[in-house]
>>> print(open('model_14.cif').read())   # mmCIF, C-alpha atoms
data_data
loop_
_atom_site.group_PDB
_atom_site.id
_atom_site.type_symbol
_atom_site.label_atom_id
_atom_site.label_comp_id
_atom_site.auth_asym_id
_atom_site.auth_seq_id
_atom_site.Cartn_x
_atom_site.Cartn_y
_atom_site.Cartn_z
ATOM 1 C CA ALA S 139 -47.910 -4.693 66.025
ATOM 2 C CA GLY S 140 -45.831 -1.844 67.419
ATOM 3 C CA PHE S 141 -42.719 -4.030 67.285
ATOM 4 C CA VAL S 142 -43.387 -5.049 63.685
ATOM 5 C CA LEU S 143 -43.963 -1.414 62.760
ATOM 6 C CA ALA S 144 -40.695 -0.414 64.405
ATOM 7 C CA VAL S 145 -38.780 -3.159 62.564
ATOM 8 C CA ASN S 146 -40.370 -2.200 59.256
ATOM 9 C CA ALA S 147 -39.468 1.431 59.872
ATOM 10 C CA ALA S 148 -35.891 0.445 60.628
ATOM 11 C CA LEU S 149 -35.710 -1.596 57.441
ATOM 12 C CA PHE S 150 -37.129 1.298 55.466
ATOM 13 C CA VAL S 151 -34.570 3.702 56.913
ATOM 14 C CA GLY S 152 -31.770 1.238 56.163
ATOM 15 C CA ALA S 153 -32.907 0.758 52.588
ATOM 16 C CA GLY S 154 -33.219 4.517 52.210
ATOM 17 C CA PHE S 155 -29.648 4.965 53.420
ATOM 18 C CA VAL S 156 -28.360 2.501 50.801
ATOM 19 C CA LEU S 157 -30.435 4.231 48.111
ATOM 20 C CA VAL S 158 -29.158 7.675 49.070
ATOM 21 C CA LYS S 159 -25.607 6.349 49.182
ATOM 22 C CA SER S 160 -26.003 4.887 45.686
ATOM 23 C CA ILE S 161 -27.524 8.078 44.309
ATOM 24 C CA ARG S 162 -24.866 10.259 45.906
ATOM 25 C CA GLY S 163 -22.080 8.138 44.454
ATOM 26 C CA ILE S 164 -18.382 8.472 45.115
ATOM 27 C CA ASP S 165 -16.671 11.717 46.061
ATOM 28 C CA TYR S 166 -13.582 11.408 43.875
ATOM 29 C CA ASP S 167 -11.952 14.504 45.398
ATOM 30 C CA SER S 168 -11.857 12.812 48.798
ATOM 31 C CA LEU S 169 -10.075 9.664 47.638
ATOM 32 C CA GLU S 170 -6.584 8.756 48.804
ATOM 33 C CA ASP S 171 -3.663 10.215 46.887
ATOM 34 C CA LEU S 172 -0.008 9.600 46.162
ATOM 35 C CA GLU S 173 1.027 10.514 49.709
ATOM 36 C CA GLN S 174 -0.642 7.260 50.768
ATOM 37 C CA LYS S 175 0.878 5.465 47.745
ATOM 38 C CA SER S 176 -2.613 5.404 46.297
ATOM 39 C CA LEU S 177 -3.521 6.313 42.729
ATOM 40 C CA ALA S 178 -7.235 6.661 43.577
ATOM 41 C CA LYS S 179 -7.575 10.448 43.523
ATOM 42 C CA GLN S 180 -5.578 10.811 40.312
ATOM 43 C CA ALA S 181 -7.562 7.976 38.711
ATOM 44 C CA GLY S 182 -10.773 9.761 39.652
ATOM 45 C CA ALA S 183 -9.579 12.945 37.972
ATOM 46 C CA TRP S 184 -8.714 10.998 34.816
ATOM 47 C CA ALA S 185 -12.099 9.284 34.807
ATOM 48 C CA LEU S 186 -14.037 12.519 35.208
ATOM 49 C CA GLU S 187 -12.163 13.863 32.173
ATOM 50 C CA GLY S 188 -12.963 10.718 30.184
ATOM 51 C CA CYS S 189 -9.223 10.138 29.950
ATOM 52 C CA VAL S 190 -7.441 6.822 29.448
ATOM 53 C CA PRO S 191 -3.898 7.784 30.510
ATOM 54 C CA THR S 192 -0.634 6.243 29.392
ATOM 55 C CA ARG S 193 1.742 7.804 31.908
ATOM 56 C CA LEU S 194 1.964 10.110 34.906
ATOM 57 C CA GLU S 195 4.646 12.739 35.337
ATOM 58 C CA VAL S 196 5.386 13.485 38.981
ATOM 59 C CA ALA S 197 6.791 16.908 39.837
ATOM 60 C CA ASP S 198 9.557 17.571 42.309
ATOM 61 C CA ASP S 199 9.467 20.271 45.004
ATOM 62 C CA ASP S 200 10.655 22.888 42.520
ATOM 63 C CA GLY S 201 7.903 22.144 40.025
ATOM 64 C CA GLY S 202 10.081 20.219 37.607
ATOM 65 C CA THR S 203 9.449 16.662 36.463
ATOM 66 C CA SER S 204 11.193 14.256 38.807
ATOM 67 C CA ALA S 205 9.851 10.997 37.368
ATOM 68 C CA THR S 206 7.631 9.609 34.642
ATOM 69 C CA TYR S 207 5.667 6.463 35.415
ATOM 70 C CA GLU S 208 3.695 4.149 33.137
ATOM 71 C CA VAL S 209 0.025 3.311 33.796
ATOM 72 C CA ALA S 210 -1.330 -0.258 33.770
ATOM 73 C CA THR S 211 -4.746 -1.805 34.393
ATOM 74 C CA PHE S 212 -5.565 -5.420 35.264
ATOM 75 C CA ALA S 213 -8.509 -7.429 36.571
ATOM 76 C CA GLY S 214 -7.917 -10.486 38.728
ATOM 77 C CA GLY S 215 -11.134 -11.211 40.595
ATOM 78 C CA CYS S 216 -11.683 -9.643 44.009
ATOM 79 C CA PHE S 217 -9.719 -6.414 43.767
ATOM 80 C CA TRP S 218 -8.605 -6.426 47.409
ATOM 81 C CA GLY S 219 -6.194 -9.311 46.854
ATOM 82 C CA THR S 220 -5.150 -8.196 43.390
ATOM 83 C CA GLU S 221 -4.156 -4.785 44.720
ATOM 84 C CA LEU S 222 -2.029 -6.188 47.533
ATOM 85 C CA THR S 223 -0.282 -8.549 45.105
ATOM 86 C CA PHE S 224 0.789 -5.605 42.965
ATOM 87 C CA GLN S 225 1.597 -3.344 45.927
ATOM 88 C CA ARG S 226 4.346 -5.803 46.838
ATOM 89 C CA ILE S 227 6.139 -5.614 43.491
ATOM 90 C CA PRO S 228 9.291 -3.441 43.438
ATOM 91 C CA GLY S 229 8.848 -0.639 40.941
ATOM 92 C CA VAL S 230 5.096 -0.350 41.462
ATOM 93 C CA ILE S 231 4.712 3.177 42.797
ATOM 94 C CA ALA S 232 1.001 3.492 43.603
ATOM 95 C CA THR S 233 -2.165 1.456 43.126
ATOM 96 C CA CYS S 234 -5.909 1.794 43.374
ATOM 97 C CA VAL S 235 -8.950 -0.433 42.982
ATOM 98 C CA GLY S 236 -11.996 0.326 40.914
ATOM 99 C CA TYR S 237 -14.240 -0.574 38.021
ATOM 100 C CA THR S 238 -13.612 -0.678 34.268
ATOM 101 C CA GLN S 239 -14.919 -1.966 30.922
ATOM 102 C CA GLY S 240 -18.507 -1.086 31.866
ATOM 103 C CA ALA S 241 -21.392 0.770 30.289
ATOM 104 C CA ILE S 242 -22.183 3.526 32.805
ATOM 105 C CA GLN S 243 -20.274 6.409 34.319
ATOM 106 C CA ARG S 244 -19.448 6.859 38.011
ATOM 107 C CA PRO S 245 -20.425 3.327 39.075
ATOM 108 C CA ASN S 246 -20.413 2.378 42.741
ATOM 109 C CA TYR S 247 -19.832 -0.963 44.442
ATOM 110 C CA GLU S 248 -23.493 -1.892 44.789
ATOM 111 C CA GLN S 249 -24.155 -1.255 41.114
ATOM 112 C CA VAL S 250 -21.146 -3.241 39.934
ATOM 113 C CA CYS S 251 -21.972 -6.167 42.242
ATOM 114 C CA SER S 252 -25.444 -6.342 40.694
ATOM 115 C CA GLY S 253 -23.770 -7.532 37.485
ATOM 116 C CA THR S 254 -25.826 -5.122 35.374
ATOM 117 C CA THR S 255 -23.260 -2.425 34.549
ATOM 118 C CA GLY S 256 -20.761 -4.531 32.610
ATOM 119 C CA HIS S 257 -17.840 -3.480 34.810
ATOM 120 C CA THR S 258 -15.239 -5.768 36.248
ATOM 121 C CA GLU S 259 -13.410 -5.227 39.541
ATOM 122 C CA ALA S 260 -9.929 -4.069 38.552
ATOM 123 C CA ILE S 261 -6.821 -2.273 39.675
ATOM 124 C CA GLN S 262 -4.966 0.608 38.093
ATOM 125 C CA LEU S 263 -1.372 1.362 38.979
ATOM 126 C CA ILE S 264 1.662 3.361 38.039
ATOM 127 C CA TYR S 265 5.051 1.714 37.776
ATOM 128 C CA ASP S 266 8.626 2.653 37.004
ATOM 129 C CA PRO S 267 9.558 0.843 33.761
ATOM 130 C CA ASN S 268 13.225 1.214 34.669
ATOM 131 C CA GLU S 269 12.642 -1.002 37.688
ATOM 132 C CA CYS S 270 9.699 -3.172 36.725
ATOM 133 C CA SER S 271 8.771 -4.558 33.322
ATOM 134 C CA TYR S 272 5.236 -4.944 32.016
ATOM 135 C CA GLU S 273 5.973 -8.663 31.617
ATOM 136 C CA ARG S 274 6.614 -8.932 35.346
ATOM 137 C CA LEU S 275 3.213 -7.379 36.011
ATOM 138 C CA LEU S 276 1.608 -9.894 33.657
ATOM 139 C CA ASN S 277 3.320 -12.759 35.448
ATOM 140 C CA ALA S 278 2.080 -11.464 38.790
ATOM 141 C CA LEU S 279 -1.509 -11.372 37.543
ATOM 142 C CA PHE S 280 -1.489 -14.841 36.026
ATOM 143 C CA ASN S 281 0.070 -16.322 39.155
ATOM 144 C CA THR S 282 -3.183 -15.414 40.935
ATOM 145 C CA ILE S 283 -5.793 -16.624 38.411
ATOM 146 C CA ASN S 284 -6.810 -19.645 36.366
ATOM 147 C CA PRO S 285 -7.102 -18.150 32.871
ATOM 148 C CA THR S 286 -9.448 -20.935 31.701
ATOM 149 C CA LEU S 287 -12.275 -20.107 34.143
ATOM 150 C CA VAL S 288 -15.035 -17.846 32.819
ATOM 151 C CA ASN S 289 -16.166 -15.040 35.161
ATOM 152 C CA ARG S 290 -14.461 -16.672 38.123
ATOM 153 C CA VAL S 291 -11.391 -16.338 40.321
ATOM 154 C CA ASN S 292 -11.185 -18.855 43.162
ATOM 155 C CA ASN S 293 -14.615 -18.793 44.861
ATOM 156 C CA ASP S 294 -15.680 -15.397 43.481
ATOM 157 C CA MET S 295 -18.073 -15.796 40.563
ATOM 158 C CA GLY S 296 -19.899 -13.310 38.348
ATOM 159 C CA THR S 297 -19.152 -10.994 35.437
ATOM 160 C CA GLN S 298 -17.712 -8.446 37.873
ATOM 161 C CA TYR S 299 -14.997 -10.991 38.739
ATOM 162 C CA ARG S 300 -13.844 -11.718 35.192
ATOM 163 C CA HIS S 301 -10.106 -11.406 34.723
ATOM 164 C CA GLY S 302 -8.472 -9.231 32.143
ATOM 165 C CA VAL S 303 -5.463 -7.365 30.780
ATOM 166 C CA TYR S 304 -6.113 -3.878 29.441
ATOM 167 C CA PRO S 305 -3.084 -2.335 27.683
ATOM 168 C CA HIS S 306 -2.658 1.444 27.656
ATOM 169 C CA THR S 307 0.068 1.674 24.983
ATOM 170 C CA ASN S 308 1.229 -0.081 21.842
ATOM 171 C CA GLU S 309 4.230 -1.382 23.763
ATOM 172 C CA GLN S 310 1.997 -2.936 26.412
ATOM 173 C CA GLN S 311 -0.224 -4.416 23.691
ATOM 174 C CA ILE S 312 2.756 -6.079 21.984
ATOM 175 C CA ALA S 313 3.983 -7.489 25.298
ATOM 176 C CA ALA S 314 0.496 -8.751 26.181
ATOM 177 C CA ASP S 315 -0.011 -10.359 22.753
ATOM 178 C CA SER S 316 3.275 -12.231 23.096
ATOM 179 C CA PHE S 317 2.473 -13.285 26.651
ATOM 180 C CA PHE S 318 -0.988 -14.580 25.682
ATOM 181 C CA GLU S 319 0.427 -16.526 22.741
ATOM 182 C CA THR S 320 2.940 -18.261 25.013
ATOM 183 C CA LEU S 321 0.189 -18.948 27.527
ATOM 184 C CA ARG S 322 -2.125 -20.466 24.901
ATOM 185 C CA ASN S 323 0.636 -22.776 23.668
ATOM 186 C CA LYS S 324 1.390 -23.844 27.229
ATOM 187 C CA TYR S 325 -2.220 -24.711 28.004
ATOM 188 C CA GLU S 326 -2.825 -26.408 24.644
ATOM 189 C CA THR S 327 0.238 -28.603 25.187
ATOM 190 C CA ARG S 328 -1.253 -29.721 28.500
ATOM 191 C CA GLY S 329 -4.651 -30.326 26.918
ATOM 192 C CA GLU S 330 -6.242 -27.447 28.847
ATOM 193 C CA GLY S 331 -7.953 -24.269 27.802
ATOM 194 C CA PRO S 332 -9.088 -22.219 26.082
ATOM 195 C CA ILE S 333 -7.707 -19.025 27.618
ATOM 196 C CA VAL S 334 -10.679 -16.802 28.464
ATOM 197 C CA THR S 335 -8.868 -13.903 30.153
ATOM 198 C CA GLU S 336 -9.919 -10.676 28.460
ATOM 199 C CA LEU S 337 -7.372 -8.799 26.393
ATOM 200 C CA LYS S 338 -8.869 -5.435 25.478
ATOM 201 C CA ASP S 339 -7.733 -1.854 25.129
ATOM 202 C CA ALA S 340 -7.780 0.059 28.394
ATOM 203 C CA ALA S 341 -11.016 1.964 28.975
ATOM 204 C CA VAL S 342 -12.017 4.637 31.462
ATOM 205 C CA PHE S 343 -11.280 3.366 34.968
ATOM 206 C CA TRP S 344 -13.528 4.533 37.806
ATOM 207 C CA PRO S 345 -11.886 4.259 41.247
ATOM 208 C CA ALA S 346 -13.842 2.558 43.992
ATOM 209 C CA GLU S 347 -14.883 3.985 47.329
ATOM 210 C CA ASN S 348 -12.143 4.866 49.848
ATOM 211 C CA TYR S 349 -13.324 1.937 51.972
ATOM 212 C CA HIS S 350 -11.940 -0.446 49.357
ATOM 213 C CA GLN S 351 -8.607 1.299 48.726
ATOM 214 C CA ARG S 352 -5.600 -0.579 50.185
ATOM 215 C CA TYR S 353 -8.182 -2.678 52.018
ATOM 216 C CA LEU S 354 -5.954 -5.590 53.062
ATOM 217 C CA GLU S 355 -2.983 -3.402 53.962
ATOM 218 C CA LYS S 356 -5.173 -1.355 56.306
ATOM 219 C CA ARG S 357 -6.261 -4.569 57.988
ATOM 220 C CA GLY S 358 -2.775 -5.724 58.827
ATOM 221 C CA GLN S 359 -1.425 -7.564 55.797
ATOM 222 C CA SER S 360 2.019 -6.456 54.669
ATOM 223 C CA ALA S 361 2.422 -4.380 51.516
ATOM 224 C CA GLU S 362 6.221 -4.416 51.810
ATOM 225 C CA LYS S 363 8.079 -4.993 48.563
ATOM 226 C CA ASP S 364 8.893 -8.651 47.829
ATOM 227 C CA CYS S 365 6.789 -9.806 50.782
ATOM 228 C CA GLU S 366 6.076 -13.531 50.367
ATOM 229 C CA GLU S 367 3.273 -13.899 52.906
ATOM 230 C CA LYS S 368 0.089 -15.374 51.490
ATOM 231 C CA VAL S 369 -2.487 -12.804 50.397
ATOM 232 C CA ARG S 370 -5.709 -13.484 52.286
ATOM 233 C CA CYS S 371 -8.817 -11.851 50.854
ATOM 234 C CA TYR S 372 -11.142 -13.321 53.454
ATOM 235 C CA GLY S 373 -10.179 -14.241 56.987
#
>>> encode(input="model_14.cif", output="structure tokens")
Amino acid sequence: AGFVLAVNAALFVGAGFVLVKSIRGIDYDSLEDLEQKSLAKQAGAWALEGCVPTRLEVADDDGGTSATYEVATFAGGCFWGTELTFQRIPGVIATCVGYTQGAIQRPNYEQVCSGTTGHTEAIQLIYDPNECSYERLLNALFNTINPTLVNRVNNDMGTQYRHGVYPHTNEQQIAADSFFETLRNKYETRGEGPIVTELKDAAVFWPAENYHQRYLEKRGQSAEKDCEEKVRCYG
């Protein structure tokens, strides 16, 4: 009886820890920043302001603007692999993983995985349009997904794994519309489809916990530009 009581107590403490962690939420001020080539901290600041940004101006050491980068948001299933795919693209300056297109503010991983918040796992990034086109980013996304599968990428299934393109500007919207039209024609010609990838306006993006940021890079997979090694989400 004493052993059972001890086990039950341990389970209770463990459940309490998860509950407290969920209630406490994410400390957005402690997230990684541009020094780590991560957009997480900046994305958290935007989210807390209810902002859907279009660009980020980066200051030089003298306080002047040294560069202006465009913002993009995509969903491609498990965000670990999606982030590494985009980290490797020349012209992508910084990335972060998180949650978007949902119904509640400040969601955490446990809530999103429950499938009740409406969020999808996504990435937000900044890129230099002089070096990387939005069309190249679209190609990178669709090389990793099957756009005819509903709420699924590879073996990951659920509404939180639905794939999507979320334009931030009119220019991105035009490019995405053209890309989707070409894609639909391609799949219809092959007798496949329909295309179910979401195409919606960008919404507030809530960055995920630091644990998830640059997850695969931290575990030894290369984030070098133009790296052709296979992205391995699991194992």
>>> resolve_selection(input="model_14.cif", expression="the PyMOL selection byres ((chain S and resi 267) around 10)", output="list in words")
Thr206, Tyr207, Glu208, Val209, Gly229, Val230, Ile264, Tyr265, Asp266, Asn268, Glu269, Cys270, Ser271 and Tyr272 of chain S
>>> closest_residue(input="model_14.cif", among="S:Ile333, S:Leu222, S:Val342, S:Met295", to="S:Val369", atoms="all atoms listed in the file")
S:Leu222
>>> atom_distance(input="model_14.cif", atom1="atom CA of S:Leu287", atom2="atom CA of S:Ala361")
27.7 Å
>>> residues_around(input="model_14.cif", residues="stretch 171-178 of chain S", least_positions_apart="3", cutoff="10 Å", atoms="all atoms listed in the file", output="PDB file with C-alpha atoms, keeping the file's coordinate frame")
ATOM      1  CA  TYR S 166     -13.582  11.408  43.875  1.00  0.00           C
ATOM      2  CA  ASP S 167     -11.952  14.504  45.398  1.00  0.00           C
ATOM      3  CA  SER S 168     -11.857  12.812  48.798  1.00  0.00           C
ATOM      4  CA  ALA S 181      -7.562   7.976  38.711  1.00  0.00           C
ATOM      5  CA  GLY S 182     -10.773   9.761  39.652  1.00  0.00           C
ATOM      6  CA  ALA S 183      -9.579  12.945  37.972  1.00  0.00           C
ATOM      7  CA  TRP S 184      -8.714  10.998  34.816  1.00  0.00           C
ATOM      8  CA  VAL S 196       5.386  13.485  38.981  1.00  0.00           C
ATOM      9  CA  GLN S 225       1.597  -3.344  45.927  1.00  0.00           C
ATOM     10  CA  VAL S 230       5.096  -0.350  41.462  1.00  0.00           C
ATOM     11  CA  ILE S 231       4.712   3.177  42.797  1.00  0.00           C
ATOM     12  CA  ALA S 232       1.001   3.492  43.603  1.00  0.00           C
ATOM     13  CA  THR S 233      -2.165   1.456  43.126  1.00  0.00           C
ATOM     14  CA  CYS S 234      -5.909   1.794  43.374  1.00  0.00           C
ATOM     15  CA  VAL S 235      -8.950  -0.433  42.982  1.00  0.00           C
ATOM     16  CA  GLY S 236     -11.996   0.326  40.914  1.00  0.00           C
ATOM     17  CA  ILE S 261      -6.821  -2.273  39.675  1.00  0.00           C
ATOM     18  CA  GLN S 262      -4.966   0.608  38.093  1.00  0.00           C
ATOM     19  CA  LEU S 263      -1.372   1.362  38.979  1.00  0.00           C
ATOM     20  CA  ILE S 264       1.662   3.361  38.039  1.00  0.00           C
ATOM     21  CA  TRP S 344     -13.528   4.533  37.806  1.00  0.00           C
ATOM     22  CA  PRO S 345     -11.886   4.259  41.247  1.00  0.00           C
ATOM     23  CA  ALA S 346     -13.842   2.558  43.992  1.00  0.00           C
ATOM     24  CA  GLU S 347     -14.883   3.985  47.329  1.00  0.00           C
ATOM     25  CA  ASN S 348     -12.143   4.866  49.848  1.00  0.00           C
ATOM     26  CA  GLN S 351      -8.607   1.299  48.726  1.00  0.00           C
ATOM     27  CA  ARG S 352      -5.600  -0.579  50.185  1.00  0.00           C
TER      28      ARG S 352
END
>>> closest_residue(input="model_14.cif", among="S:Glu221, S:Glu355, S:Asp339, S:Glu362", to="S:Val190", atoms="only C-alpha atoms")
S:Asp339
>>> residues_around(input="model_14.cif", residues="stretch 252-260 of chain S", least_positions_apart="5", cutoff="6 Å", atoms="all atoms listed in the file", output="PDB file with C-alpha atoms, in the coordinates of the input")
ATOM      1  CA  PHE S 212      -5.565  -5.420  35.264  1.00  0.00           C
ATOM      2  CA  ALA S 213      -8.509  -7.429  36.571  1.00  0.00           C
ATOM      3  CA  PHE S 217      -9.719  -6.414  43.767  1.00  0.00           C
ATOM      4  CA  VAL S 235      -8.950  -0.433  42.982  1.00  0.00           C
ATOM      5  CA  GLY S 236     -11.996   0.326  40.914  1.00  0.00           C
ATOM      6  CA  TYR S 237     -14.240  -0.574  38.021  1.00  0.00           C
ATOM      7  CA  THR S 238     -13.612  -0.678  34.268  1.00  0.00           C
ATOM      8  CA  GLN S 239     -14.919  -1.966  30.922  1.00  0.00           C
ATOM      9  CA  GLY S 240     -18.507  -1.086  31.866  1.00  0.00           C
ATOM     10  CA  ALA S 241     -21.392   0.770  30.289  1.00  0.00           C
ATOM     11  CA  GLN S 298     -17.712  -8.446  37.873  1.00  0.00           C
ATOM     12  CA  TYR S 299     -14.997 -10.991  38.739  1.00  0.00           C
TER      13      TYR S 299
END
>>> closest_residue(input="model_14.cif", among="S:Gln180, S:Thr223, S:Thr192, S:Ser360", to="S:Thr282", atoms="all atoms listed in the file")
S:Thr223
>>> closest_atom_pairs(input="model_14.cif", of="stretch 175-291 of chain S", to="stretch 314-321 of chain S", cutoff="9 Å", atoms="only C-alpha atoms", output="Markdown table")
| residue | atom | partner | partner_atom | distance |
| --- | --- | --- | --- | --- |
| S:Tyr272 | CA | S:Ala314 | CA | 8.4 |
| S:Glu273 | CA | S:Phe317 | CA | 7.6 |
| S:Leu276 | CA | S:Ala314 | CA | 7.6 |
| S:Asn277 | CA | S:Phe317 | CA | 8.9 |
>>> write_last_selection(input="model_14.cif", atoms="C-alpha atoms", output="PDB file, keeping the file's coordinate frame")
ATOM      1  CA  TYR S 272       5.236  -4.944  32.016  1.00  0.00           C
ATOM      2  CA  GLU S 273       5.973  -8.663  31.617  1.00  0.00           C
ATOM      3  CA  LEU S 276       1.608  -9.894  33.657  1.00  0.00           C
ATOM      4  CA  ASN S 277       3.320 -12.759  35.448  1.00  0.00           C
TER       5      ASN S 277
END
>>> closest_residue(input="model_14.cif", among="S:Gln359, S:Thr211, S:Gln249, S:Asn284", to="S:Leu337", atoms="all atoms listed in the file")
S:Thr211
>>> closest_residue(input="model_14.cif", among="S:Cys189, S:Ala205, S:Ala197, S:Leu354", to="S:Thr220", atoms="all atoms listed in the file")
S:Leu354
>>> closest_residue(input="model_14.cif", among="S:Ala185, S:Cys371, S:Val250, S:Ala313", to="S:Asn293", atoms="only C-alpha atoms")
S:Cys371
>>> atom_distance(input="model_14.cif", atom1="atom CA of S:Glu326", atom2="atom CA of S:Asn281")
17.9 Å
>>> residues_around(input="model_14.cif", residues="S:Val288", least_positions_apart="2", cutoff="9 Å", atoms="only C-alpha atoms", output="list in words")
Pro285, Thr286, Arg290, Val291, Met295, Gly296, Thr297, Arg300, His301, Val334 and Thr335 of chain S
>>> atom_distance(input="model_14.cif", atom1="atom CA of S:Ala278", atom2="atom CA of S:Gly331")
19.6 Å
